[in-house]
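One structure below.
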Amino acid sequence: MVKSRIPVALTVAGSDSGGGAGIQADLRTFAFHCVHGTSALTCVTAQNTLGVMRVDALPAEAVAAQIDAVVGDIGVDAVKTGMLLSREIMGAVARQVEILNLGNLVVDPVMVSRGGDRLIDDGAIAFLRDVLIPLAAAVTPNRFEAQILSGLEILSLEDMRAAAQEIYRKGAKAVLVKGGGMPGDLRGIDVWFDGTRLETLKVETVDTRNTHGTGCTLSAAICANLALGKDLFTSVTLAKNYVTNALKYALDIGEGQGPVGHFFPLLPK
């Protein structure tokens with residue numbers, strides 16, 4: 001029997017026990033796009049819709065071994081990173097990207113939550129900025145992450161545009177500054193810059209408190225579309241549309257912020 005070639009995507013990220021973000025969100029997003037999802041786990045979290053109670057990191061060597069096992073046997077067409085947690089894990093991932101010649105890398109620089117809470121230390125931030133991001137095809141910072149990466153305060157659309165261009169100048173090949181954390185009419189507006197194309201991307205705003213996992217889902221959808229052979233800008237626009245639809249069918253579960261509905265075509269209308 002001749003095997004058919006199935007597009008394969010790899011997510012390198014943490015586990016969300018509540019199922020709304022991280023590895024769980026990424027794999028559901030890959031499945032929606034009919035892409036086979038593989039994973040390299042970086043940490044295990046105890047969390048739910050109310051917050052994170054505990055985080056346990058895996059050894060950097062274990063993260064590298066997972067990547068090596070997947071790529072050596074199955075091969076991957078695109079890769080995304082999420083929560084990498086420490087400089088040691090970031091170093092292991094960066095080495096594997098270079099050694100295994102992994103292309104179509106999307107870096108979701110999980111450094112600061114949408115609410116502005118710092119998630120990793122300064123040393124890890126510097127390594128992410130100076131080493132891992134320059135290896136990526138695209139980086140997808142939220143407002144607060146873009147402020148750190150650019151060194152600019154972001155209060156307006158013009159600030160978002162300036163930050164995207166500054167992050168590009170610092171070594172990123174393409175930048176998507178996400179506006180989910182922006183106030184008022186700027187919420188949900190993203191800015192794209194790849195060195196020549198500066199675009200303001202807007203989709204309809206969905207009014208829901210259940211937005212957990214949107215950043216992970218967006219970067220995973222970009223990754224999935226790259227695995228399917230689409231160009232980078234098309235992958236970004238398709239990913240934004242996917243997240244918008246998933247927000248329309250966000251899951252009102254738990255006592256806090258529920259996740260987006262990754263499998264919205266299967267939900268009752």
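The way I read the labels, and the way they are meant: chains A, B, ... in the order of the structure tokens, residue 1 as the first residue of every chain, and ligand 1 as the first ligand shown, with later ones counted on from there.
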Contact residues around A:Thr237 with only C-alpha atoms at 9 Å, ignoring same-chain residues under 5 positions, as a PDB file with C-alpha atoms, in the first residue's frame:
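selection_10.pdb was written with the following content:
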```
ATOM      1  CA  LEU A 201      -5.740  43.624   9.422  1.00  0.00           C
ATOM      2  CA  ILE A 222      -0.925  30.137  10.772  1.00  0.00           C
ATOM      3  CA  LEU A 232       2.742  33.384   4.839  1.00  0.00           C
ATOM      4  CA  TYR A 242     -10.609  30.991  11.803  1.00  0.00           C
TER       5      TYR A 242
END
```
Backbone DSSP call of strand (DSSP E or B) for stretch 74-257 of chain A, listed as a ChimeraX atom specification: /A:78-81,105-107,112,118,138-139,175-177,190-193,198-201,212
Coordinates-based distance that separates atom CA of A:Tyr168 from atom CA of A:Ala246 (Å, one decimal): 29.3 Å
Shell around A:Leu267 at 12 Å using only C-alpha atoms, local window under 5 positions removed, as a ChimeraX atom specification: /A:245-246,248-251,260-262
Please produce a file of the residues just selected, as a compact mmCIF listing (two decimals), in the first residue's frame, where the atoms kept are N, CA, C and O atoms.
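out34.txt was written with the following content:
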```
# COMPACT_ATOMS: atom_id res chain seq x y z
N ASN A 245 -14.27 33.05 13.82
CA ASN A 245 -15.37 32.08 13.85
C ASN A 245 -15.35 31.27 15.15
O ASN A 245 -16.42 30.97 15.72
N ALA A 246 -14.16 30.91 15.62
CA ALA A 246 -14.06 30.15 16.86
C ALA A 246 -14.54 30.99 18.05
O ALA A 246 -15.15 30.46 18.99
N LYS A 248 -16.93 33.22 17.87
CA LYS A 248 -18.39 33.27 17.78
C LYS A 248 -19.04 32.09 18.50
O LYS A 248 -20.19 32.17 18.94
N TYR A 249 -18.29 30.98 18.56
CA TYR A 249 -18.81 29.78 19.20
C TYR A 249 -17.97 29.42 20.43
O TYR A 249 -17.80 28.25 20.76
N ALA A 250 -17.47 30.46 21.11
CA ALA A 250 -16.67 30.23 22.31
C ALA A 250 -17.47 29.44 23.34
O ALA A 250 -18.70 29.53 23.41
N LEU A 251 -16.75 28.65 24.14
CA LEU A 251 -17.39 27.74 25.08
C LEU A 251 -17.56 28.40 26.44
O LEU A 251 -16.58 28.79 27.08
N VAL A 260 -12.09 29.38 23.23
CA VAL A 260 -12.75 29.52 21.94
C VAL A 260 -13.21 28.14 21.45
O VAL A 260 -12.70 27.11 21.88
N GLY A 261 -14.17 28.15 20.53
CA GLY A 261 -14.73 26.89 20.02
C GLY A 261 -13.98 26.41 18.79
O GLY A 261 -14.39 26.67 17.65
N HIS A 262 -12.89 25.70 19.01
CA HIS A 262 -12.04 25.25 17.90
C HIS A 262 -12.78 24.39 16.89
O HIS A 262 -12.47 24.40 15.70
```
When you look at A:Ala31 with a cut-off of 12 Å (counting only C-alpha atoms), what residues show up, excluding the ones that are within fewer than 3 positions of it in the same chain? I need them as a compact mmCIF listing (two decimals) with N, CA and C atoms, in the first residue's frame.
```txt
# COMPACT_ATOMS: atom_id res chain seq x y z
N ILE A 6 0.49 13.26 4.13
CA ILE A 6 -0.38 14.10 4.93
C ILE A 6 0.44 15.26 5.47
N PRO A 7 -0.02 16.50 5.34
CA PRO A 7 0.70 17.62 5.94
C PRO A 7 0.85 17.43 7.45
N VAL A 8 2.01 17.77 7.97
CA VAL A 8 2.32 17.57 9.39
C VAL A 8 2.78 18.88 10.00
N ALA A 9 2.23 19.21 11.16
CA ALA A 9 2.65 20.39 11.92
C ALA A 9 3.11 19.95 13.30
N LEU A 10 4.07 20.67 13.84
CA LEU A 10 4.61 20.38 15.17
C LEU A 10 4.40 21.60 16.06
N GLN A 24 -3.12 21.64 23.80
CA GLN A 24 -4.49 21.17 23.51
C GLN A 24 -5.15 22.04 22.43
N ALA A 25 -5.01 23.35 22.55
CA ALA A 25 -5.59 24.24 21.54
C ALA A 25 -4.91 24.06 20.20
N ASP A 26 -3.59 23.90 20.23
CA ASP A 26 -2.84 23.75 18.98
C ASP A 26 -3.25 22.49 18.23
N LEU A 27 -3.36 21.39 18.93
CA LEU A 27 -3.70 20.12 18.26
C LEU A 27 -5.12 20.15 17.71
N ARG A 28 -6.04 20.78 18.42
CA ARG A 28 -7.40 20.90 17.89
C ARG A 28 -7.41 21.78 16.64
N CYS A 34 -7.21 19.75 8.95
CA CYS A 34 -6.86 18.47 8.33
C CYS A 34 -5.34 18.32 8.19
N VAL A 35 -4.64 18.79 9.20
CA VAL A 35 -3.19 18.65 9.29
C VAL A 35 -2.88 17.73 10.47
N HIS A 36 -2.00 16.76 10.27
CA HIS A 36 -1.64 15.88 11.37
C HIS A 36 -0.81 16.65 12.39
N GLY A 37 -1.26 16.66 13.63
CA GLY A 37 -0.58 17.41 14.67
C GLY A 37 0.36 16.55 15.49
N THR A 38 1.59 17.02 15.67
CA THR A 38 2.56 16.39 16.56
C THR A 38 2.96 17.41 17.61
N THR A 217 -4.21 29.70 19.44
CA THR A 217 -5.00 29.25 18.29
C THR A 217 -4.60 29.98 17.02
N ALA A 220 -1.21 28.69 15.85
CA ALA A 220 -1.37 27.32 15.38
C ALA A 220 -2.05 27.28 14.02
N ALA A 221 -3.03 28.17 13.81
CA ALA A 221 -3.72 28.22 12.51
C ALA A 221 -2.79 28.72 11.42
N CYS A 223 0.43 28.25 11.43
CA CYS A 223 1.31 27.09 11.22
C CYS A 223 0.63 26.03 10.36
N ALA A 224 -0.64 25.74 10.64
CA ALA A 224 -1.37 24.73 9.88
C ALA A 224 -1.48 25.12 8.41
N ASN A 225 -1.78 26.37 8.15
CA ASN A 225 -1.89 26.82 6.76
C ASN A 225 -0.55 26.79 6.04
N HIS A 262 -12.89 25.70 19.01
CA HIS A 262 -12.04 25.25 17.90
C HIS A 262 -12.78 24.39 16.89
N PHE A 263 -13.79 23.66 17.35
CA PHE A 263 -14.51 22.74 16.48
C PHE A 263 -15.90 23.28 16.14
```
All helix (DSSP H, G or I) positions in stretch 116-147 of chain A, as a list in words: Asp122, Gly123, Ala124, Ile125, Ala126, Phe127, Leu128, Arg129, Asp130, Val131, Leu132, Ile133, Pro134, Leu135, Arg143, Phe144, Glu145, Ala146 and Gln147 of chain A
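Of the residues listed (A:Leu218, A:Val76, A:Ile154, A:Gly195), A:Leu218 shows the shortest atom-to-atom separation from A:Ala239; distances use only C-alpha atoms.
For the choices A:Lys80, A:Asn241, A:Gly215, A:Ala57, the atom-to-atom distance to A:Thr45 is smallest for A:Ala57 when using only C-alpha atoms.
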